[in-house]
Structure formats: C-alpha cells, structure tokens
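Trainee: Below: one structure in structure tokens.
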Amino acid sequence: MTAATDADPAAVPVAAGGPQGAGARRTRPVHVATMLGTALSAQVGAATGAHAFATIGPAGVVAVRQLVAALVLVPIARPPVRTMTWRQWWPALLLAGVFAVMNLSLYMAIERLGLGLAITLEFLGPLSVAVVRSRGLLHAGIAVVAGAGVYVLILPGASSDWPGIALALFAACLWVAYILLNRLVGSRLPGLQAPAVAASLAATAYLPVVGVLVATGRMTWTALGYAVVAGLLSSAVPYAGDLVVLRHVPPRVFGIFMSMHPVLAALVGTVMLGQLLDGHEWAGLLVIVLANAAAVATAHGD
C-alpha cells in the first residue's frame with residue numbers, strides 16, 4: 001500500500017498477490033516489529049514533510065520526495081532502460097503519472113484535512129480493490145460498513161472541507177490505478193524495476209518545481225531537510241523494510257498489518273502536528289481500518 005504514499009503503495013501489489021507458498025511462512029516477532037516500524041516510519045515521514053508545507057508547499061515536498069525515491073530505487077533495481085520495449089514502457093509511463101499526481105493530491109489533502117483523515121480516506125483505494133476482487137454477500141457487507149465508516153468520519157455538512165475530501169478520495173482512486181498498473185507492469189519488468197523507472201520519470205517532471213523554489217529563495221535548508229527526511233522515511237525505509245519482510249511473512253498477514261496505517265497516521269498527527277481528532281473521527285477511522293483488515297483477511301488469492 002507506498003506509490004509512494006505515506007502508506008506506501010509500493011508493497012500493496014506484492015501483498016495482494018505474493019509468491020507461491022507464501023501461506024506456509026511463519027510470522028515471527030521480529031517480522032511484526034519490522035512491519036510496525038516501516039509503517040510508523042512512513043507516517044513520521046509524512047508528518048515531517050508537513051512541516052515544510054508553509055515554506056515550499058506540498059508540491060515542493062513531493063518534488064524532493066520523488067528525487068529521494070529515484071535515488072534510492074534506481075541503484076537497487078537497475079532498470080534496463082536502454083533495452084526496454086514499448087510494451088514495458090507504456091505502463092511504466094502511466095505509473096510515473098500516477099506516482100506524481102497521487103502523492104501531490106495526498107499531500108494537498110494532508111495540508112487541508114490533517115494526516116489521520118487524509119490517510120484514512122486514501123485507504124479506501126486498496127479497500128475497494130480487495131472488496132471488488134472478492135464478490136459475495138460478505139464483501140458487500142464490508143463495503144457497506146466501510147461506507148458507514150466514511151460517513152461517521154467526515155459527518156458531511158456545511159463545515160466539511162470538501163476540496164480536501166475530494167483530494168484524498170482522488171488519491172484513493174489513483175491508488176487503485178497504481179495497484180492495477182503495477183500488476184500489469186510487474187509481469188513485464190521484474191522486482192522494483194518498474195517503480196524505479198516510474199519514480200525517475202516523476203522526479204524529472206518535478207525538477208521545474210525545484211528550480212522555481214530555488215530561484216525564488218523558498219527552498220531553504222530547513223525546508224529541504226524536512227523534505228529529504230520525508231523522502232527517506234516515507235520511501236527508502238518502507239521499500240527496504242517491505243522487501244525484507246515479504247520474504248518471510250504471508251502476503252495476507254502483511255496486508256492486514258498495512259491496515260494499521262490510518263491509526264498510526266492519526267497518532268503521529270496528534271503527537272507531531274497537534275492534529276487532534278474528534279470522537280466521531282476516531283470512530284469512523286477504526287471502522288474503516290477494521291473493514292480493510294476484514295477484506296484482506298477474507299479475500300480470495302490470485
């Protein structure tokens with residue numbers, strides 16, 4: 001669930017599909033600690049990046065984060081860009097667009113709604129994929145429960161931040177696109193080669209943003225430091241941790257643990273950003289988290 005987001009979507013397709021024999025793996029305390037650590041790292045990274053919003057805006061943070069992701073992924077994956085065919089290029093190009101726009105829409109939503117609410121609404125993306133893939137009354141019921149959770153979370157009214165809600169839901173839709181695209185390109189480029197190409201292209205697209213910020217003097221060392229830390233904690237650490245843990249943990253267990261991201265986001269937002277949630281927001285968040293965990297736990301494997 002880290003294109004790149006702060007519930008990093010890079011691992012979602014792996015968790016959903018997974019290699020053969022994954023169900024026979026044993027989950028040990030060290031693996032649980034690793035999953036919790038990478039999830040917490042992603043949310044702390046997002047909160048750290050939020051400290052730079054006032055100086056360089058969400059676009060500036062995303063630009064630096066994409067550069068960091070590219071610098072981390074390309075040396076690891078070493079994508080064969082010179083020999084890639086159009087059949088491999090076109091889904092990678094679409095994936096790059098998803099990376100660039102999804103992260104921007106999510107960070108803009110975080111700026112308006114706060115970390116916990118934005119991440120929770122974004123999680124409706126992978127939840128919808130799990131529900132759609134597993135038809136039946138049980139999953140129809142899960143969808144209804146999740147919808148009720150969304151209603152309780154936002155309590156629609158005149159005071160609702162509809163642009164922020166729309167941005168978070170747009171990020172959720174792009175997360176669905178990420179999952180579907182990564183399933184496609186994953187069969188054409190092994191390992192992290194596709195995300196590496198996509199991250200590099202997205203970083204290149206954001207270079208003008210960095211140039212403008214530097215030219216206007218807005219890219220201060222403090223803001224740059226916050227954005228770089230956000231990129232490391234929300235991209236590099238989750239990529240490395242998820243790669244290690246998915247060798248030992250069943251994909252379904254991994255997916256259930258990914259459901260904890262909204263809770264961690266709310267806690268981190270409270271501690272690091274002073275974003276206190278109301279009772280109804282906590283209630284809606286927990287309903288959505290439980291619905292996501294239930295959908296993953298009862299989903300049919302590919």
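Identifiers in the structure tokens: chain A, B, ... in order shown; residue index from 1 per chain; ligand index from 1 in order shown.
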Fewer than 4 positions away in the same chain doesn't count, so skip those; otherwise give me all residues within 8 Å of A:Asn182, counting only C-alpha atoms, as a count of residues only.

Mentor: 5

Trainee: Could you pull out the residues in stretch 73-232 of chain A that DSSP calls alpha helix (DSSP H) from the backbone, as a ChimeraX atom specification?

Mentor: /A:73-77,86-113,115-122,124-133,137-154,162-186,193-205,207-215,221-231

Trainee: Fewer than 4 positions away in the same chain doesn't count, so skip those; otherwise give me all residues within 7 Å of A:Leu169, counting only C-alpha atoms, as a list in words.

Mentor: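 Answer for this query is Leu121, Glu122, Ile165 and Cys173 of chain A.
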
Trainee: Could the residues in this selection be saved with C-alpha atoms as a short mmCIF file (atom, residue, chain, number, x, y, z; two decimals), in the first residue's frame?

Mentor:
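Okay, this is what ended up in again.cif:
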```
data_model
loop_
_atom_site.label_atom_id
_atom_site.label_comp_id
_atom_site.auth_asym_id
_atom_site.auth_seq_id
_atom_site.Cartn_x
_atom_site.Cartn_y
_atom_site.Cartn_z
CA LEU A 121 -9.72 8.30 3.13
CA GLU A 122 -6.85 7.33 0.83
CA ILE A 165 -12.03 15.33 1.00
CA CYS A 173 -8.68 6.35 -6.90
#
```

Trainee: Using only C-alpha atoms, determine which residues lie at most 9 Å from A:Val176, disregarding the query and same-chain residues fewer than 3 positions distant; provide the list as a count of residues only.

Mentor: 10

Trainee: Hey, what's within 12 Å of A:Ala69 if we count only C-alpha atoms and toss same-chain stuff fewer than 2 positions away? As a compact mmCIF listing (two decimals) with C-alpha atoms, in the first residue's frame, please?

Mentor:
```txt
# COMPACT_ATOMS: atom_id res chain seq x y z
CA THR A 2 3.75 3.41 -0.76
CA ALA A 3 3.49 4.83 -4.52
CA ALA A 4 4.56 6.31 -2.96
CA THR A 5 2.26 7.46 -0.38
CA ASP A 8 3.50 3.32 0.84
CA ALA A 10 4.88 0.01 -3.43
CA VAL A 62 6.58 15.88 -3.26
CA ALA A 63 9.29 17.03 -5.69
CA VAL A 64 12.07 16.36 -3.19
CA ARG A 65 10.48 13.09 -2.10
CA GLN A 66 10.35 11.87 -5.71
CA LEU A 67 14.02 12.70 -6.15
CA LEU A 71 17.98 7.96 -5.90
CA VAL A 72 17.09 5.01 -3.67
CA LEU A 73 15.31 2.79 -6.20
CA VAL A 74 17.44 3.14 -9.34
CA PRO A 75 20.69 1.80 -7.84
CA ILE A 76 18.79 -1.09 -6.24
CA ALA A 77 16.65 -2.10 -9.22
CA PHE A 99 3.19 8.50 -8.71
CA ALA A 100 3.41 12.20 -9.45
CA LEU A 192 11.39 -2.96 -8.40
CA PRO A 195 8.75 1.58 -9.69
CA ALA A 196 12.36 2.70 -10.24
CA VAL A 197 11.61 3.86 -13.79
CA ALA A 198 8.36 5.50 -12.69
CA ALA A 199 9.98 7.28 -9.75
CA SER A 200 12.75 8.58 -12.02
CA LEU A 201 10.27 9.93 -14.55
CA ALA A 202 8.13 11.52 -11.83
CA ALA A 203 11.23 13.10 -10.28
CA THR A 204 12.22 14.51 -13.68
CA ALA A 227 11.51 17.14 2.64
CA VAL A 228 14.59 14.90 2.38
CA VAL A 229 13.77 13.26 5.72
CA ALA A 230 10.21 12.77 4.48
CA GLY A 231 11.54 11.05 1.37
CA LEU A 232 13.86 8.80 3.34
CA LEU A 233 11.31 7.82 5.99
CA SER A 234 8.34 7.51 3.63
CA SER A 235 10.14 5.88 0.69
CA ALA A 236 13.59 4.43 1.43
CA VAL A 237 12.81 2.83 4.79
CA PRO A 238 9.45 1.29 3.74
CA TYR A 239 10.93 -0.01 0.46
CA ALA A 240 13.79 -1.74 2.28
```

Trainee: Just the number, please: distance in Å from atom CA of A:Asn292 to atom CA of A:Val131, one decimal.

Mentor: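 Between atom CA of A:Asn292 and atom CA of A:Val131 the gap is 8.8 Å.
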
Trainee: Set the distance at 12 Å and use only C-alpha atoms: which residues neighbour A:Gly114 once local chain neighbours fewer than 4 positions away are removed? I'd like the list as a PDB file with N, CA and C atoms, in the first residue's frame.

Mentor:
```pdb
ATOM      1  N   GLN A  43       4.568   7.190   8.274  1.00  0.00           N
ATOM      2  CA  GLN A  43       3.718   8.262   8.807  1.00  0.00           C
ATOM      3  C   GLN A  43       4.545   9.376   9.451  1.00  0.00           C
ATOM      4  N   ALA A  46       5.677  11.470   6.622  1.00  0.00           N
ATOM      5  CA  ALA A  46       4.628  12.366   6.134  1.00  0.00           C
ATOM      6  C   ALA A  46       4.469  13.575   7.052  1.00  0.00           C
ATOM      7  N   ALA A  47       4.491  13.327   8.362  1.00  0.00           N
ATOM      8  CA  ALA A  47       4.362  14.430   9.318  1.00  0.00           C
ATOM      9  C   ALA A  47       5.556  15.374   9.233  1.00  0.00           C
ATOM     10  N   ALA A  50       5.152  17.583   6.316  1.00  0.00           N
ATOM     11  CA  ALA A  50       4.129  18.610   6.535  1.00  0.00           C
ATOM     12  C   ALA A  50       4.711  19.870   7.157  1.00  0.00           C
ATOM     13  N   HIS A  51       5.824  19.739   7.880  1.00  0.00           N
ATOM     14  CA  HIS A  51       6.458  20.914   8.485  1.00  0.00           C
ATOM     15  C   HIS A  51       7.022  21.857   7.420  1.00  0.00           C
ATOM     16  N   LEU A 106      -2.442  13.664  -2.337  1.00  0.00           N
ATOM     17  CA  LEU A 106      -2.450  13.239  -0.940  1.00  0.00           C
ATOM     18  C   LEU A 106      -1.863  14.317  -0.038  1.00  0.00           C
ATOM     19  N   TYR A 107      -0.732  14.899  -0.427  1.00  0.00           N
ATOM     20  CA  TYR A 107      -0.107  15.916   0.421  1.00  0.00           C
ATOM     21  C   TYR A 107      -0.964  17.171   0.518  1.00  0.00           C
ATOM     22  N   MET A 108      -1.655  17.515  -0.583  1.00  0.00           N
ATOM     23  CA  MET A 108      -2.576  18.649  -0.526  1.00  0.00           C
ATOM     24  C   MET A 108      -3.748  18.337   0.407  1.00  0.00           C
ATOM     25  N   ALA A 109      -4.196  17.074   0.404  1.00  0.00           N
ATOM     26  CA  ALA A 109      -5.261  16.672   1.326  1.00  0.00           C
ATOM     27  C   ALA A 109      -4.779  16.711   2.767  1.00  0.00           C
ATOM     28  N   ILE A 110      -3.540  16.272   3.005  1.00  0.00           N
ATOM     29  CA  ILE A 110      -2.972  16.314   4.355  1.00  0.00           C
ATOM     30  C   ILE A 110      -2.910  17.758   4.856  1.00  0.00           C
ATOM     31  N   ALA A 118      -6.699  12.269   6.057  1.00  0.00           N
ATOM     32  CA  ALA A 118      -6.296  12.112   4.661  1.00  0.00           C
ATOM     33  C   ALA A 118      -5.849  10.686   4.373  1.00  0.00           C
ATOM     34  N   ILE A 119      -5.028  10.117   5.245  1.00  0.00           N
ATOM     35  CA  ILE A 119      -4.548   8.747   5.033  1.00  0.00           C
ATOM     36  C   ILE A 119      -5.706   7.754   5.111  1.00  0.00           C
ATOM     37  N   THR A 120      -6.634   7.973   6.022  1.00  0.00           N
ATOM     38  CA  THR A 120      -7.779   7.061   6.154  1.00  0.00           C
ATOM     39  C   THR A 120      -8.622   7.050   4.885  1.00  0.00           C
ATOM     40  N   LEU A 121      -8.923   8.229   4.363  1.00  0.00           N
ATOM     41  CA  LEU A 121      -9.717   8.301   3.132  1.00  0.00           C
ATOM     42  C   LEU A 121      -8.949   7.701   1.953  1.00  0.00           C
ATOM     43  N   ASP A 161     -14.680  20.157   4.771  1.00  0.00           N
ATOM     44  CA  ASP A 161     -13.687  20.640   3.803  1.00  0.00           C
ATOM     45  C   ASP A 161     -13.796  19.764   2.557  1.00  0.00           C
ATOM     46  N   GLY A 164     -10.655  19.250   0.331  1.00  0.00           N
ATOM     47  CA  GLY A 164      -9.708  18.332   0.951  1.00  0.00           C
ATOM     48  C   GLY A 164     -10.174  16.893   0.858  1.00  0.00           C
ATOM     49  N   ILE A 165     -11.472  16.668   1.102  1.00  0.00           N
ATOM     50  CA  ILE A 165     -12.035  15.326   0.997  1.00  0.00           C
ATOM     51  C   ILE A 165     -11.904  14.815  -0.440  1.00  0.00           C
ATOM     52  N   ALA A 168      -8.318  13.737  -1.151  1.00  0.00           N
ATOM     53  CA  ALA A 168      -7.988  12.449  -0.535  1.00  0.00           C
ATOM     54  C   ALA A 168      -8.644  11.297  -1.286  1.00  0.00           C
ATOM     55  N   PRO A 262      -3.748   3.997   8.912  1.00  0.00           N
ATOM     56  CA  PRO A 262      -4.553   5.146   9.342  1.00  0.00           C
ATOM     57  C   PRO A 262      -4.471   5.416  10.841  1.00  0.00           C
ATOM     58  N   ALA A 265      -1.185   6.969  11.451  1.00  0.00           N
ATOM     59  CA  ALA A 265      -1.199   8.334  10.925  1.00  0.00           C
ATOM     60  C   ALA A 265      -1.906   9.277  11.896  1.00  0.00           C
ATOM     61  N   ALA A 266      -3.023   8.832  12.465  1.00  0.00           N
ATOM     62  CA  ALA A 266      -3.755   9.667  13.418  1.00  0.00           C
ATOM     63  C   ALA A 266      -2.925   9.929  14.674  1.00  0.00           C
ATOM     64  N   LEU A 267      -2.251   8.898  15.156  1.00  0.00           N
ATOM     65  CA  LEU A 267      -1.424   9.057  16.358  1.00  0.00           C
ATOM     66  C   LEU A 267      -0.234   9.974  16.092  1.00  0.00           C
ATOM     67  N   VAL A 268       0.424   9.768  14.954  1.00  0.00           N
ATOM     68  CA  VAL A 268       1.571  10.612  14.601  1.00  0.00           C
ATOM     69  C   VAL A 268       1.123  12.048  14.371  1.00  0.00           C
ATOM     70  N   GLY A 269      -0.023  12.232  13.720  1.00  0.00           N
ATOM     71  CA  GLY A 269      -0.543  13.573  13.505  1.00  0.00           C
ATOM     72  C   GLY A 269      -0.828  14.289  14.810  1.00  0.00           C
ATOM     73  N   THR A 270      -1.317  13.528  15.788  1.00  0.00           N
ATOM     74  CA  THR A 270      -1.592  14.114  17.106  1.00  0.00           C
ATOM     75  C   THR A 270      -0.301  14.535  17.797  1.00  0.00           C
ATOM     76  N   MET A 272       3.000  14.812  16.508  1.00  0.00           N
ATOM     77  CA  MET A 272       3.967  15.650  15.800  1.00  0.00           C
ATOM     78  C   MET A 272       3.367  16.949  15.242  1.00  0.00           C
ATOM     79  N   LEU A 273       2.056  16.921  14.954  1.00  0.00           N
ATOM     80  CA  LEU A 273       1.450  18.086  14.316  1.00  0.00           C
ATOM     81  C   LEU A 273       0.350  18.734  15.157  1.00  0.00           C
ATOM     82  N   GLY A 274       0.028  18.121  16.293  1.00  0.00           N
ATOM     83  CA  GLY A 274      -1.019  18.665  17.142  1.00  0.00           C
ATOM     84  C   GLY A 274      -2.402  18.579  16.534  1.00  0.00           C
ATOM     85  N   GLN A 275      -2.607  17.597  15.644  1.00  0.00           N
ATOM     86  CA  GLN A 275      -3.895  17.431  14.952  1.00  0.00           C
ATOM     87  C   GLN A 275      -4.762  16.439  15.732  1.00  0.00           C
ATOM     88  N   LEU A 276      -5.544  16.958  16.660  1.00  0.00           N
ATOM     89  CA  LEU A 276      -6.386  16.113  17.496  1.00  0.00           C
ATOM     90  C   LEU A 276      -7.663  15.735  16.743  1.00  0.00           C
ATOM     91  N   LEU A 277      -8.020  14.468  16.788  1.00  0.00           N
ATOM     92  CA  LEU A 277      -9.236  14.002  16.141  1.00  0.00           C
ATOM     93  C   LEU A 277     -10.397  14.025  17.128  1.00  0.00           C
ATOM     94  N   GLU A 281     -14.465  11.110  14.495  1.00  0.00           N
ATOM     95  CA  GLU A 281     -13.396  10.842  13.525  1.00  0.00           C
ATOM     96  C   GLU A 281     -12.635   9.569  13.899  1.00  0.00           C
TER      97      GLU A 281
END
```

Trainee: Just checking: using only C-alpha atoms, which residue out of A:Val68, A:Thr55, A:Ala158, A:Val249 ends up closest to A:Thr216?

Mentor: A:Thr55

Trainee: Using only C-alpha atoms, can you tell me which of A:Val289, A:Val296, A:Leu104, A:Leu213 comes closest to A:Pro58?

Mentor: A:Leu104

Trainee: Considering only C-alpha atoms, return as a PyMOL selection string whatever protein or nucleic-acid residues lie within 12 Å of A:Ala140, sequence-local ones (same chain, fewer than 3 positions apart) excluded.

Mentor: chain A and resi 127-128+130-137+143-147+291+294-295

Trainee: Keeping only C-alpha atoms, take the residues you just selected and write them out as a short mmCIF file (atom, residue, chain, number, x, y, z; two decimals), in the first residue's frame.

Mentor:
```cif
data_model
loop_
_atom_site.label_atom_id
_atom_site.label_comp_id
_atom_site.auth_asym_id
_atom_site.auth_seq_id
_atom_site.Cartn_x
_atom_site.Cartn_y
_atom_site.Cartn_z
CA LEU A 127 -10.00 -1.49 0.33
CA SER A 128 -12.16 -1.12 -2.78
CA ALA A 130 -9.99 -6.08 -2.09
CA VAL A 131 -13.80 -5.85 -1.98
CA VAL A 132 -14.27 -5.88 -5.77
CA ARG A 133 -11.91 -8.82 -6.23
CA SER A 134 -13.87 -10.92 -3.73
CA ARG A 135 -17.52 -10.88 -4.69
CA GLY A 136 -20.22 -12.10 -2.37
CA LEU A 137 -22.53 -11.01 0.41
CA ALA A 143 -18.33 -2.27 1.62
CA VAL A 144 -21.47 -1.05 3.39
CA VAL A 145 -19.65 -0.98 6.73
CA ALA A 146 -16.76 0.96 5.18
CA GLY A 147 -19.22 3.43 3.67
CA ALA A 291 -13.27 -3.17 7.24
CA ALA A 294 -11.59 -7.98 7.16
CA ALA A 295 -11.50 -7.52 3.38
#
```

Trainee: Just checking: using only C-alpha atoms, which residue out of A:Leu124, A:Ala59, A:Val98, A:Ala52 ends up closest to A:Ala223?

Mentor: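 Nearest candidate to A:Ala223 out of A:Leu124, A:Ala59, A:Val98, A:Ala52: A:Ala52.
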